[in-house]
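A.B. asks: This is the structure I want to talk about, given as structure tokens.
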Amino acid sequence: MDEKQPLTTREREILQLISNGHTDKSIATELSLSDKTVNTYRKQMLKKLHVKNTAMLVRYALENNLVV
């Protein structure tokens, strides 16, 4: 399996908000992005971290101290 790629600052910011239970719509509003852009960031993070869904993404983030 390919090595996991590091997340960008923006991806980490979005991951923090996802981990805090925010929806794509609320993240988009807070960061002045479109819902589609937030969804694209989420998909990129899933691919980079080799996880299959948002729950696994949050779990990975917590286990690797990527979010507070």
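Residue numbering restarts at 1 in every chain; chains get A, B, ... in the order shown in the structure tokens, and ligands count up from 1 in that same order.
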Give me the residues within 12 Å of Ala61 (chain A) as number ranges by chain, counting only C-alpha atoms and dropping any in the same chain fewer than 6 places off.
C.D. replies: A: 6-7, 11-20, 45-46, 49, 51, 54-55, 67-68
A.B. asks: Taking only chain A into account, list the residues labelled alpha helix (DSSP H) by DSSP (computed from the backbone), as a PyMOL selection string.
C.D. replies: chain A and resi 9-19+24-31+35-49+54-63
A.B. asks: Go ahead and write the residues just picked, N, CA and C atoms, as a short mmCIF file (atom, residue, chain, number, x, y, z; two decimals), in the first residue's frame.
C.D. replies:
```cif
data_model
loop_
_atom_site.label_atom_id
_atom_site.label_comp_id
_atom_site.auth_asym_id
_atom_site.auth_seq_id
_atom_site.Cartn_x
_atom_site.Cartn_y
_atom_site.Cartn_z
N THR A 9 -2.52 22.46 5.23
CA THR A 9 -3.07 23.26 6.33
C THR A 9 -4.58 23.35 6.21
N ARG A 10 -5.09 23.57 5.01
CA ARG A 10 -6.54 23.69 4.79
C ARG A 10 -7.24 22.36 5.08
N GLU A 11 -6.64 21.27 4.65
CA GLU A 11 -7.23 19.96 4.93
C GLU A 11 -7.30 19.70 6.43
N ARG A 12 -6.25 20.06 7.14
CA ARG A 12 -6.26 19.88 8.60
C ARG A 12 -7.33 20.75 9.26
N GLU A 13 -7.50 21.95 8.75
CA GLU A 13 -8.52 22.86 9.26
C GLU A 13 -9.91 22.25 9.06
N ILE A 14 -10.16 21.73 7.88
CA ILE A 14 -11.44 21.10 7.58
C ILE A 14 -11.62 19.83 8.39
N LEU A 15 -10.56 19.06 8.53
CA LEU A 15 -10.62 17.83 9.33
C LEU A 15 -10.98 18.14 10.78
N GLN A 16 -10.44 19.21 11.31
CA GLN A 16 -10.77 19.62 12.68
C GLN A 16 -12.27 19.91 12.79
N LEU A 17 -12.81 20.63 11.83
CA LEU A 17 -14.23 20.96 11.86
C LEU A 17 -15.10 19.72 11.67
N ILE A 18 -14.70 18.82 10.79
CA ILE A 18 -15.43 17.56 10.61
C ILE A 18 -15.44 16.79 11.93
N SER A 19 -14.28 16.73 12.58
CA SER A 19 -14.15 15.99 13.84
C SER A 19 -14.99 16.60 14.95
N ASP A 24 -20.79 19.66 6.02
CA ASP A 24 -20.11 20.32 4.90
C ASP A 24 -20.63 21.74 4.72
N LYS A 25 -21.93 21.90 4.87
CA LYS A 25 -22.55 23.23 4.69
C LYS A 25 -22.03 24.23 5.73
N SER A 26 -21.97 23.81 7.00
CA SER A 26 -21.50 24.74 8.03
C SER A 26 -20.01 25.04 7.88
N ILE A 27 -19.23 24.03 7.45
CA ILE A 27 -17.81 24.26 7.19
C ILE A 27 -17.65 25.23 6.03
N ALA A 28 -18.42 25.03 4.98
CA ALA A 28 -18.36 25.91 3.82
C ALA A 28 -18.67 27.35 4.22
N THR A 29 -19.68 27.53 5.02
CA THR A 29 -20.06 28.88 5.46
C THR A 29 -18.94 29.50 6.29
N GLU A 30 -18.41 28.74 7.24
CA GLU A 30 -17.37 29.25 8.13
C GLU A 30 -16.09 29.62 7.38
N LEU A 31 -15.75 28.84 6.35
CA LEU A 31 -14.50 29.07 5.63
C LEU A 31 -14.68 29.79 4.30
N ASP A 35 -20.10 24.17 -0.67
CA ASP A 35 -20.29 22.82 -0.12
C ASP A 35 -19.50 21.81 -0.93
N LYS A 36 -19.50 21.99 -2.24
CA LYS A 36 -18.82 21.06 -3.13
C LYS A 36 -17.31 21.07 -2.88
N THR A 37 -16.75 22.22 -2.62
CA THR A 37 -15.32 22.32 -2.34
C THR A 37 -14.97 21.58 -1.06
N VAL A 38 -15.78 21.74 -0.04
CA VAL A 38 -15.55 21.04 1.23
C VAL A 38 -15.62 19.53 1.00
N ASN A 39 -16.61 19.10 0.22
CA ASN A 39 -16.75 17.68 -0.08
C ASN A 39 -15.53 17.17 -0.84
N THR A 40 -15.00 17.97 -1.74
CA THR A 40 -13.80 17.59 -2.48
C THR A 40 -12.61 17.43 -1.55
N TYR A 41 -12.45 18.36 -0.61
CA TYR A 41 -11.38 18.24 0.39
C TYR A 41 -11.54 16.94 1.18
N ARG A 42 -12.75 16.62 1.58
CA ARG A 42 -13.01 15.41 2.34
C ARG A 42 -12.57 14.18 1.53
N LYS A 43 -12.96 14.13 0.27
CA LYS A 43 -12.60 13.00 -0.59
C LYS A 43 -11.08 12.89 -0.75
N GLN A 44 -10.42 14.04 -0.90
CA GLN A 44 -8.96 14.03 -1.02
C GLN A 44 -8.30 13.47 0.24
N MET A 45 -8.83 13.84 1.40
CA MET A 45 -8.28 13.34 2.65
C MET A 45 -8.50 11.84 2.79
N LEU A 46 -9.67 11.36 2.40
CA LEU A 46 -9.94 9.92 2.44
C LEU A 46 -8.90 9.17 1.61
N LYS A 47 -8.65 9.68 0.43
CA LYS A 47 -7.70 9.05 -0.48
C LYS A 47 -6.27 9.12 0.07
N LYS A 48 -5.86 10.29 0.54
CA LYS A 48 -4.51 10.47 1.06
C LYS A 48 -4.22 9.57 2.25
N LEU A 49 -5.23 9.40 3.12
CA LEU A 49 -5.02 8.65 4.36
C LEU A 49 -5.45 7.19 4.26
N THR A 54 -16.00 8.80 6.41
CA THR A 54 -15.74 9.92 7.32
C THR A 54 -15.47 9.46 8.74
N ALA A 55 -16.18 8.43 9.19
CA ALA A 55 -15.94 7.91 10.54
C ALA A 55 -14.49 7.44 10.69
N MET A 56 -14.01 6.74 9.68
CA MET A 56 -12.62 6.26 9.72
C MET A 56 -11.65 7.43 9.63
N LEU A 57 -12.02 8.47 8.91
CA LEU A 57 -11.20 9.67 8.80
C LEU A 57 -11.05 10.33 10.17
N VAL A 58 -12.16 10.48 10.88
CA VAL A 58 -12.12 11.09 12.21
C VAL A 58 -11.32 10.21 13.16
N ARG A 59 -11.54 8.90 13.10
CA ARG A 59 -10.79 7.99 13.96
C ARG A 59 -9.29 8.12 13.71
N TYR A 60 -8.89 8.13 12.45
CA TYR A 60 -7.48 8.28 12.10
C TYR A 60 -6.94 9.60 12.67
N ALA A 61 -7.71 10.66 12.51
CA ALA A 61 -7.28 11.98 13.00
C ALA A 61 -7.07 11.96 14.50
N LEU A 62 -7.99 11.34 15.23
CA LEU A 62 -7.88 11.28 16.70
C LEU A 62 -6.70 10.42 17.12
N GLU A 63 -6.55 9.27 16.50
CA GLU A 63 -5.46 8.34 16.87
C GLU A 63 -4.09 8.91 16.55
#
```
